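Dropping start24.tsv in here (TSV, N, CA and C atoms):
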```
chain	number	residue	atom	x	y	z
C	1106	MET	N	-25.22	9.20	-19.10
C	1106	MET	CA	-24.61	8.06	-18.43
C	1106	MET	C	-24.22	8.47	-17.01
C	1107	LYS	N	-24.28	7.51	-16.11
C	1107	LYS	CA	-23.97	7.76	-14.70
C	1107	LYS	C	-22.82	6.88	-14.26
C	1108	LEU	N	-22.19	7.29	-13.16
C	1108	LEU	CA	-21.11	6.51	-12.57
C	1108	LEU	C	-21.67	5.62	-11.47
C	1109	TRP	N	-21.22	4.37	-11.43
C	1109	TRP	CA	-21.68	3.41	-10.43
C	1109	TRP	C	-20.48	2.63	-9.88
C	1110	LYS	N	-20.67	2.03	-8.71
C	1110	LYS	CA	-19.67	1.12	-8.13
C	1110	LYS	C	-20.37	-0.16	-7.72
C	1111	CYS	N	-19.81	-1.29	-8.15
C	1111	CYS	CA	-20.32	-2.61	-7.75
C	1111	CYS	C	-19.43	-3.14	-6.64
C	1112	TRP	N	-20.00	-3.37	-5.48
C	1112	TRP	CA	-19.23	-3.88	-4.34
C	1112	TRP	C	-19.07	-5.40	-4.39
C	1113	ASN	N	-19.69	-6.06	-5.36
C	1113	ASN	CA	-19.51	-7.51	-5.52
C	1113	ASN	C	-18.22	-7.85	-6.25
C	1114	CYS	N	-17.73	-6.92	-7.05
C	1114	CYS	CA	-16.57	-7.19	-7.90
C	1114	CYS	C	-15.32	-6.45	-7.40
C	1115	PRO	N	-14.14	-7.06	-7.58
C	1115	PRO	CA	-12.90	-6.35	-7.23
C	1115	PRO	C	-12.53	-5.36	-8.33
C	1116	ASP	N	-11.69	-4.39	-8.00
C	1116	ASP	CA	-11.21	-3.42	-8.98
C	1116	ASP	C	-10.09	-4.08	-9.78
C	1117	ALA	N	-10.32	-4.29	-11.06
C	1117	ALA	CA	-9.35	-4.98	-11.91
C	1117	ALA	C	-8.05	-4.18	-12.09
C	1118	LYS	N	-8.14	-2.84	-12.08
C	1118	LYS	CA	-6.97	-2.01	-12.30
C	1118	LYS	C	-6.13	-1.86	-11.04
C	1119	GLN	N	-6.79	-1.84	-9.88
C	1119	GLN	CA	-6.10	-1.62	-8.61
C	1119	GLN	C	-6.57	-2.68	-7.61
C	1120	PRO	N	-5.87	-3.82	-7.56
C	1120	PRO	CA	-6.31	-4.94	-6.71
C	1120	PRO	C	-6.46	-4.60	-5.23
C	1121	MET	N	-5.75	-3.58	-4.76
C	1121	MET	CA	-5.84	-3.19	-3.35
C	1121	MET	C	-7.14	-2.43	-3.05
C	1122	LYS	N	-7.82	-1.95	-4.09
C	1122	LYS	CA	-9.06	-1.19	-3.90
C	1122	LYS	C	-10.27	-2.08	-4.13
C	1123	PRO	N	-11.21	-2.10	-3.21
C	1123	PRO	CA	-12.42	-2.90	-3.42
C	1123	PRO	C	-13.39	-2.20	-4.35
C	1124	GLY	N	-14.25	-2.97	-4.97
C	1124	GLY	CA	-15.30	-2.40	-5.81
C	1124	GLY	C	-14.87	-2.18	-7.25
C	1125	TYR	N	-15.84	-2.28	-8.15
C	1125	TYR	CA	-15.60	-2.09	-9.57
C	1125	TYR	C	-16.41	-0.87	-10.03
C	1126	ASP	N	-15.74	0.11	-10.61
C	1126	ASP	CA	-16.39	1.32	-11.10
C	1126	ASP	C	-16.79	1.12	-12.56
C	1127	PHE	N	-18.00	1.58	-12.90
C	1127	PHE	CA	-18.45	1.49	-14.28
C	1127	PHE	C	-19.40	2.62	-14.61
C	1128	VAL	N	-19.57	2.86	-15.92
C	1128	VAL	CA	-20.44	3.91	-16.43
C	1128	VAL	C	-21.60	3.23	-17.15
C	1129	ALA	N	-22.84	3.60	-16.78
C	1129	ALA	CA	-24.03	3.03	-17.41
C	1129	ALA	C	-25.25	3.88	-17.08
C	1130	GLU	N	-26.30	3.70	-17.82
C	1130	GLU	CA	-27.56	4.39	-17.51
C	1130	GLU	C	-28.22	3.78	-16.28
C	1131	ARG	N	-28.21	2.46	-16.23
C	1131	ARG	CA	-28.86	1.74	-15.12
C	1131	ARG	C	-27.81	1.10	-14.23
C	1132	PRO	N	-28.12	0.88	-12.96
C	1132	PRO	CA	-27.16	0.27	-12.04
C	1132	PRO	C	-27.08	-1.25	-12.17
C	1133	VAL	N	-26.60	-1.71	-13.31
C	1133	VAL	CA	-26.42	-3.14	-13.55
C	1133	VAL	C	-24.95	-3.38	-13.88
C	1134	CYS	N	-24.28	-4.16	-13.06
C	1134	CYS	CA	-22.84	-4.39	-13.22
C	1134	CYS	C	-22.57	-5.20	-14.49
C	1135	PRO	N	-21.67	-4.69	-15.36
C	1135	PRO	CA	-21.36	-5.42	-16.59
C	1135	PRO	C	-20.50	-6.66	-16.34
C	1136	LEU	N	-19.87	-6.77	-15.16
C	1136	LEU	CA	-19.04	-7.93	-14.87
C	1136	LEU	C	-19.83	-9.09	-14.27
C	1137	CYS	N	-20.57	-8.79	-13.20
C	1137	CYS	CA	-21.25	-9.88	-12.49
C	1137	CYS	C	-22.76	-9.92	-12.74
C	1138	GLY	N	-23.31	-8.86	-13.35
C	1138	GLY	CA	-24.73	-8.83	-13.66
C	1138	GLY	C	-25.64	-8.42	-12.52
C	1139	THR	N	-25.09	-8.04	-11.38
C	1139	THR	CA	-25.92	-7.62	-10.25
C	1139	THR	C	-26.75	-6.40	-10.65
C	1140	ASP	N	-28.05	-6.47	-10.40
C	1140	ASP	CA	-28.98	-5.41	-10.75
C	1140	ASP	C	-29.28	-4.59	-9.50
C	1141	GLY	N	-28.77	-3.37	-9.45
C	1141	GLY	CA	-28.95	-2.50	-8.30
C	1141	GLY	C	-30.35	-1.95	-8.14
C	1142	GLU	N	-31.22	-2.15	-9.13
C	1142	GLU	CA	-32.60	-1.69	-9.01
C	1142	GLU	C	-33.46	-2.67	-8.23
C	1143	LEU	N	-32.97	-3.89	-8.02
C	1143	LEU	CA	-33.71	-4.86	-7.22
C	1143	LEU	C	-33.49	-4.54	-5.75
C	1144	PRO	N	-34.55	-4.58	-4.94
C	1144	PRO	CA	-34.43	-4.21	-3.52
C	1144	PRO	C	-33.33	-4.96	-2.77
C	1145	GLU	N	-33.15	-6.23	-3.07
C	1145	GLU	CA	-32.14	-7.01	-2.35
C	1145	GLU	C	-30.71	-6.63	-2.73
C	1146	ASN	N	-30.55	-5.88	-3.83
C	1146	ASN	CA	-29.21	-5.47	-4.28
C	1146	ASN	C	-28.94	-3.98	-4.13
C	1147	LYS	N	-29.82	-3.25	-3.44
C	1147	LYS	CA	-29.69	-1.79	-3.41
C	1147	LYS	C	-28.38	-1.31	-2.78
C	1148	ASN	N	-27.75	-2.11	-1.94
C	1148	ASN	CA	-26.49	-1.71	-1.32
C	1148	ASN	C	-25.27	-2.29	-2.04
C	1149	GLU	N	-25.51	-3.09	-3.07
C	1149	GLU	CA	-24.42	-3.71	-3.81
C	1149	GLU	C	-23.93	-2.83	-4.96
C	1150	ILE	N	-24.85	-2.08	-5.58
C	1150	ILE	CA	-24.51	-1.15	-6.67
C	1150	ILE	C	-24.88	0.25	-6.18
C	1151	VAL	N	-23.89	1.10	-6.04
C	1151	VAL	CA	-24.14	2.44	-5.49
C	1151	VAL	C	-23.72	3.52	-6.49
C	1152	PRO	N	-24.43	4.65	-6.50
C	1152	PRO	CA	-24.05	5.75	-7.39
C	1152	PRO	C	-22.77	6.42	-6.90
C	1153	ARG	N	-21.96	6.90	-7.83
C	1153	ARG	CA	-20.74	7.63	-7.49
C	1153	ARG	C	-20.90	9.09	-7.89
C	1154	VAL	N	-20.28	9.96	-7.15
C	1154	VAL	CA	-20.28	11.39	-7.44
C	1154	VAL	C	-19.20	11.65	-8.48
C	1155	VAL	N	-19.52	12.47	-9.47
C	1155	VAL	CA	-18.52	12.84	-10.48
C	1155	VAL	C	-17.59	13.89	-9.87
C	1156	LEU	N	-16.32	13.55	-9.81
C	1156	LEU	CA	-15.30	14.45	-9.27
C	1156	LEU	C	-14.30	14.71	-10.39
C	1157	HIS	N	-14.26	15.97	-10.86
C	1157	HIS	CA	-13.40	16.36	-11.98
C	1157	HIS	C	-11.98	16.63	-11.51
C	1158	PHE	N	-11.04	16.64	-12.46
C	1158	PHE	CA	-9.66	16.99	-12.16
C	1158	PHE	C	-9.47	18.48	-12.35
C	1159	ASP	N	-8.95	19.13	-11.30
C	1159	ASP	CA	-8.63	20.55	-11.33
C	1159	ASP	C	-7.12	20.66	-11.54
C	1160	PRO	N	-6.68	20.96	-12.77
C	1160	PRO	CA	-5.24	20.99	-13.06
C	1160	PRO	C	-4.51	22.03	-12.23
C	1161	PRO	N	-3.23	21.77	-11.93
C	1161	PRO	CA	-2.45	22.73	-11.15
C	1161	PRO	C	-2.34	24.08	-11.87
C	1162	ALA	N	-2.28	25.15	-11.08
C	1162	ALA	CA	-2.19	26.50	-11.65
C	1162	ALA	C	-0.88	26.70	-12.39
C	1163	SER	N	0.21	26.11	-11.88
C	1163	SER	CA	1.51	26.19	-12.55
C	1163	SER	C	2.43	25.16	-11.94
C	1164	ASP	N	3.64	25.08	-12.50
C	1164	ASP	CA	4.63	24.13	-11.99
C	1164	ASP	C	5.49	24.73	-10.88
C	1165	ARG	N	5.28	26.00	-10.57
C	1165	ARG	CA	6.10	26.65	-9.55
C	1165	ARG	C	5.80	26.08	-8.17
C	1166	PRO	N	6.83	25.82	-7.35
C	1166	PRO	CA	6.61	25.28	-6.00
C	1166	PRO	C	5.71	26.16	-5.15
C	1167	SER	N	5.73	27.47	-5.37
C	1167	SER	CA	4.91	28.38	-4.57
C	1167	SER	C	3.41	28.20	-4.83
C	1168	SER	N	3.07	27.59	-5.96
C	1168	SER	CA	1.66	27.42	-6.28
C	1168	SER	C	1.18	25.98	-6.03
C	1169	ARG	N	1.99	25.15	-5.38
C	1169	ARG	CA	1.59	23.78	-5.10
C	1169	ARG	C	0.29	23.77	-4.30
C	1170	GLY	N	-0.63	22.96	-4.71
C	1170	GLY	CA	-1.91	22.86	-4.03
C	1170	GLY	C	-2.96	23.82	-4.55
C	1171	LYS	N	-2.57	24.68	-5.49
C	1171	LYS	CA	-3.53	25.63	-6.06
C	1171	LYS	C	-3.91	25.17	-7.46
C	1172	GLY	N	-5.20	25.03	-7.69
C	1172	GLY	CA	-5.66	24.62	-9.01
C	1172	GLY	C	-6.11	25.81	-9.84
C	1173	LYS	N	-6.41	25.54	-11.10
C	1173	LYS	CA	-6.90	26.58	-12.00
C	1173	LYS	C	-8.37	26.88	-11.77
C	1174	GLY	N	-9.06	25.97	-11.06
C	1174	GLY	CA	-10.49	26.18	-10.80
C	1174	GLY	C	-11.37	25.80	-11.98
C	1175	ILE	N	-10.85	24.90	-12.84
C	1175	ILE	CA	-11.62	24.47	-14.00
C	1175	ILE	C	-11.62	22.94	-14.09
C	1176	CYS	N	-12.57	22.40	-14.85
C	1176	CYS	CA	-12.60	20.97	-15.13
C	1176	CYS	C	-11.60	20.70	-16.25
C	1177	ALA	N	-10.72	19.72	-16.06
C	1177	ALA	CA	-9.73	19.41	-17.10
C	1177	ALA	C	-10.40	18.93	-18.38
C	1178	CYS	N	-11.54	18.28	-18.27
C	1178	CYS	CA	-12.19	17.70	-19.45
C	1178	CYS	C	-12.91	18.72	-20.33
C	1179	SER	N	-13.36	19.83	-19.73
C	1179	SER	CA	-14.17	20.77	-20.51
C	1179	SER	C	-13.70	22.22	-20.42
C	1180	GLY	N	-12.90	22.54	-19.42
C	1180	GLY	CA	-12.49	23.92	-19.22
C	1180	GLY	C	-13.52	24.77	-18.50
C	1181	LYS	N	-14.65	24.16	-18.09
C	1181	LYS	CA	-15.69	24.91	-17.38
C	1181	LYS	C	-15.26	25.17	-15.93
C	1182	LYS	N	-15.72	26.29	-15.39
C	1182	LYS	CA	-15.39	26.64	-14.02
C	1182	LYS	C	-16.01	25.63	-13.05
C	1183	LEU	N	-15.24	25.25	-12.03
C	1183	LEU	CA	-15.71	24.26	-11.07
C	1183	LEU	C	-16.81	24.79	-10.17
C	1184	ILE	N	-16.48	25.73	-9.31
C	1184	ILE	CA	-17.43	26.21	-8.30
C	1184	ILE	C	-18.61	26.93	-8.93
C	1185	ALA	N	-18.33	27.92	-9.76
C	1185	ALA	CA	-19.40	28.71	-10.37
C	1185	ALA	C	-20.29	27.85	-11.27
C	1186	GLY	N	-19.71	26.82	-11.89
C	1186	GLY	CA	-20.47	25.96	-12.78
C	1186	GLY	C	-21.20	24.84	-12.07
C	1187	GLY	N	-21.01	24.73	-10.75
C	1187	GLY	CA	-21.67	23.68	-10.00
C	1187	GLY	C	-20.99	22.33	-10.10
C	1188	PHE	N	-19.73	22.31	-10.54
C	1188	PHE	CA	-18.99	21.07	-10.67
C	1188	PHE	C	-18.09	20.86	-9.45
C	1189	ARG	N	-17.82	19.61	-9.14
C	1189	ARG	CA	-16.91	19.28	-8.05
C	1189	ARG	C	-15.56	18.91	-8.66
C	1190	GLY	N	-14.47	19.31	-7.99
C	1190	GLY	CA	-13.15	19.00	-8.52
C	1190	GLY	C	-12.11	18.83	-7.45
C	1191	THR	N	-11.00	18.20	-7.81
C	1191	THR	CA	-9.89	17.98	-6.91
C	1191	THR	C	-8.60	17.93	-7.72
C	1192	GLY	N	-7.50	18.21	-7.06
C	1192	GLY	CA	-6.19	18.11	-7.68
C	1192	GLY	C	-5.53	16.77	-7.40
C	1193	GLU	N	-6.15	15.95	-6.56
C	1193	GLU	CA	-5.60	14.63	-6.21
C	1193	GLU	C	-6.10	13.61	-7.24
C	1194	THR	N	-5.20	13.10	-8.07
C	1194	THR	CA	-5.60	12.22	-9.15
C	1194	THR	C	-6.28	10.93	-8.66
C	1195	ALA	N	-5.91	10.46	-7.49
C	1195	ALA	CA	-6.50	9.22	-6.97
C	1195	ALA	C	-7.99	9.37	-6.66
C	1196	GLN	N	-8.46	10.60	-6.50
C	1196	GLN	CA	-9.85	10.84	-6.14
C	1196	GLN	C	-10.74	11.17	-7.34
C	1197	VAL	N	-10.15	11.42	-8.50
C	1197	VAL	CA	-10.90	11.82	-9.69
C	1197	VAL	C	-11.73	10.65	-10.22
C	1198	THR	N	-13.03	10.89	-10.44
C	1198	THR	CA	-13.91	9.84	-10.96
C	1198	THR	C	-14.41	10.13	-12.38
C	1199	CYS	N	-14.20	11.32	-12.88
C	1199	CYS	CA	-14.66	11.68	-14.22
C	1199	CYS	C	-13.82	10.96	-15.28
C	1200	PRO	N	-14.45	10.06	-16.07
C	1200	PRO	CA	-13.69	9.34	-17.09
C	1200	PRO	C	-13.07	10.25	-18.14
C	1201	ALA	N	-13.75	11.34	-18.49
C	1201	ALA	CA	-13.21	12.27	-19.49
C	1201	ALA	C	-11.98	12.99	-18.96
C	1202	CYS	N	-12.00	13.40	-17.70
C	1202	CYS	CA	-10.84	14.06	-17.09
C	1202	CYS	C	-9.64	13.11	-17.02
C	1203	GLN	N	-9.91	11.84	-16.75
C	1203	GLN	CA	-8.84	10.85	-16.63
C	1203	GLN	C	-8.12	10.62	-17.96
C	1204	GLN	N	-8.72	11.04	-19.07
C	1204	GLN	CA	-8.10	10.88	-20.38
C	1204	GLN	C	-7.33	12.12	-20.84
C	1205	THR	N	-7.39	13.21	-20.06
C	1205	THR	CA	-6.73	14.45	-20.47
C	1205	THR	C	-5.22	14.38	-20.23
C	1206	ARG	N	-4.51	15.16	-21.00
C	1206	ARG	CA	-3.05	15.23	-20.86
C	1206	ARG	C	-2.67	15.75	-19.46
C	1207	ALA	N	-3.40	16.76	-18.98
C	1207	ALA	CA	-3.09	17.35	-17.67
C	1207	ALA	C	-3.21	16.30	-16.57
C	1208	PHE	N	-4.24	15.46	-16.63
C	1208	PHE	CA	-4.43	14.42	-15.61
C	1208	PHE	C	-3.32	13.37	-15.70
C	1209	ILE	N	-3.04	12.91	-16.91
C	1209	ILE	CA	-2.02	11.87	-17.10
C	1209	ILE	C	-0.66	12.35	-16.63
C	1210	GLU	N	-0.31	13.60	-16.93
C	1210	GLU	CA	0.97	14.15	-16.48
C	1210	GLU	C	1.01	14.30	-14.97
C	1211	ALA	N	-0.08	14.75	-14.37
C	1211	ALA	CA	-0.13	14.90	-12.92
C	1211	ALA	C	-0.05	13.55	-12.23
C	1212	GLN	N	-0.73	12.56	-12.80
C	1212	GLN	CA	-0.71	11.22	-12.21
C	1212	GLN	C	0.70	10.61	-12.28
C	1213	ALA	N	1.40	10.83	-13.38
C	1213	ALA	CA	2.76	10.30	-13.53
C	1213	ALA	C	3.72	10.98	-12.56
C	1214	ALA	N	3.45	12.23	-12.21
C	1214	ALA	CA	4.33	12.98	-11.32
C	1214	ALA	C	4.12	12.62	-9.85
C	1215	GLU	N	2.99	12.01	-9.52
C	1215	GLU	CA	2.72	11.66	-8.13
C	1215	GLU	C	3.41	10.37	-7.75
C	1216	ASP	N	3.91	10.35	-6.53
C	1216	ASP	CA	4.47	9.13	-5.97
C	1216	ASP	C	3.39	8.58	-5.06
C	1217	VAL	N	2.72	7.50	-5.47
C	1217	VAL	CA	1.59	6.98	-4.71
C	1217	VAL	C	2.02	5.74	-3.93
C	1218	ASP	N	1.68	5.70	-2.65
C	1218	ASP	CA	1.94	4.54	-1.81
C	1218	ASP	C	0.89	3.49	-2.16
C	1219	PRO	N	1.28	2.35	-2.78
C	1219	PRO	CA	0.29	1.36	-3.21
C	1219	PRO	C	-0.49	0.74	-2.05
C	1220	MET	N	0.07	0.76	-0.85
C	1220	MET	CA	-0.62	0.18	0.30
C	1220	MET	C	-1.83	1.01	0.69
C	1221	TYR	N	-1.70	2.33	0.59
C	1221	TYR	CA	-2.76	3.21	1.05
C	1221	TYR	C	-3.40	4.04	-0.05
C	1222	ASP	N	-2.83	4.01	-1.25
C	1222	ASP	CA	-3.36	4.77	-2.37
C	1222	ASP	C	-3.45	6.25	-2.05
C	1223	VAL	N	-2.40	6.77	-1.41
C	1223	VAL	CA	-2.36	8.17	-0.99
C	1223	VAL	C	-1.15	8.85	-1.65
C	1224	PRO	N	-1.35	9.96	-2.32
C	1224	PRO	CA	-0.20	10.66	-2.90
C	1224	PRO	C	0.77	11.11	-1.81
C	1225	MET	N	2.04	10.86	-2.02
C	1225	MET	CA	3.07	11.19	-1.03
C	1225	MET	C	3.97	12.27	-1.61
C	1226	HIS	N	3.50	13.52	-1.64
C	1226	HIS	CA	4.25	14.63	-2.21
C	1226	HIS	C	5.43	14.98	-1.31
C	1227	ASP	N	6.63	14.93	-1.86
C	1227	ASP	CA	7.85	15.37	-1.18
C	1227	ASP	C	8.05	14.70	0.18
C	1228	VAL	N	7.61	13.47	0.34
C	1228	VAL	CA	7.84	12.76	1.59
C	1228	VAL	C	8.96	11.77	1.36
C	1229	PRO	N	10.03	11.84	2.19
C	1229	PRO	CA	11.15	10.91	1.99
C	1229	PRO	C	10.68	9.47	2.19
C	1230	VAL	N	11.13	8.60	1.32
C	1230	VAL	CA	10.78	7.18	1.41
C	1230	VAL	C	11.98	6.40	1.87
C	1231	GLY	N	11.78	5.50	2.82
C	1231	GLY	CA	12.87	4.61	3.24
C	1231	GLY	C	13.38	4.84	4.59
```
What would you get if you wrote out this structure as structure tokens?
Amino acid sequence: MKLWKCWNCPDAKQPMKPGYDFVAERPVCPLCGTDGELPENKNEIVPRVVLHFDPPASDRPSSRGKGKGICACSGKKLIAGGFRGTGETAQVTCPACQQTRAFIEAQAAEDVDPMYDVPMHDVPVG
């Protein structure tokens, strides 16, 4: 299965973000039916890169920004295994990583600005 984005549909989970992400073998949107294999729709359905979640190395403040270097969904090494990863939960596209305890806990700990969808670590608000 591959990751796709339909630019015809809004994101149901995050109304401020355009596009609808879905998983399928073929680039056909399950919401609107747009077929990305047709020449006239080639820019409407686009492939997405799988970006795994790289869990934090520890909870210590000195290790902030340092990951374990593994995929949260499988435990495989990111760089050596040829996988892409990030510690920013807003950027993770791997559906399996998004279901892991490490991802859910990290996402709950982030203070995200809904206007910009950017994690605001230790930034005073107000």
Quiz prompt | Distance query 9 Å from (-24.7, -4.3, -11.8) using only C-alpha atoms, result as a PyMOL selection string | solution = chain C and resi 1109-1111+1113+1127+1131-1142+1146+1149-1150
Quiz item: From the set C:Val1151, C:Leu1143, C:Gly1124, C:Ala1201, which residue has the shortest atom-to-atom contact distance to Leu1108 of chain C, counting all atoms listed in the file?
Solution: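 So, comparing all the options, the nearest one is C:Val1151.
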Quiz prompt | Shortest interatomic distance to Val1197 of chain C - which of C:Ala1214, C:Leu1183, C:Val1155, C:Ala1177, counting all atoms listed in the file | solution = C:Val1155
Self-check item: Between atom N of Cys1199 of chain C and atom CA of Pro1144 of chain C, distance in Å (one decimal)
Solution: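 Computing it gives 27.2 Å between the two atoms.
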Exercise. Pull the strand (DSSP E or B) assignments for segment 1129-1205 of chain C out of DSSP run on the backbone, and list those residues as a ChimeraX atom specification.
Key: /C:1129,1133,1140,1150-1152,1157-1158,1161,1172,1175,1182,1190-1191
Practice problem: Point out the residue among C:Met1106, C:Ala1162, C:Ile1209, C:Ile1184 with the least atom-to-atom distance to Ala1129 of chain C, counting all atoms listed in the file. | Solution: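 Checking each candidate against Ala1129 of chain C, we get C:Met1106 as the closest.
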Quiz item: Which one of C:Cys1178, C:Lys1107, C:Lys1171, C:Trp1112 sits closest to Arg1153 of chain C if you count all atoms listed in the file?
Solution: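 For Arg1153 of chain C, the nearest of the given residues is C:Lys1107.
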Quiz item: For the atom pair atom CA of Val1128 of chain C and atom CA of Ala1213 of chain C, what is the interatomic distance in Å to one decimal place?
Solution: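 Straight-line distance from atom CA of Val1128 of chain C to atom CA of Ala1213 of chain C works out to 24.2 Å.
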Quiz prompt | Nearby residues (only C-alpha atoms) at most 10 Å from Arg1189 of chain C, same-chain spacing under 6 positions excluded, as a PyMOL selection string | solution = chain C and resi 1154-1159+1174-1176+1182-1183+1197
Quiz prompt | Point-to-point distance from atom N of Thr1194 of chain C to atom N of Ser1179 of chain C, Å rounded to tenths | solution =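 Distance reported for this atom pair: 15.7 Å.
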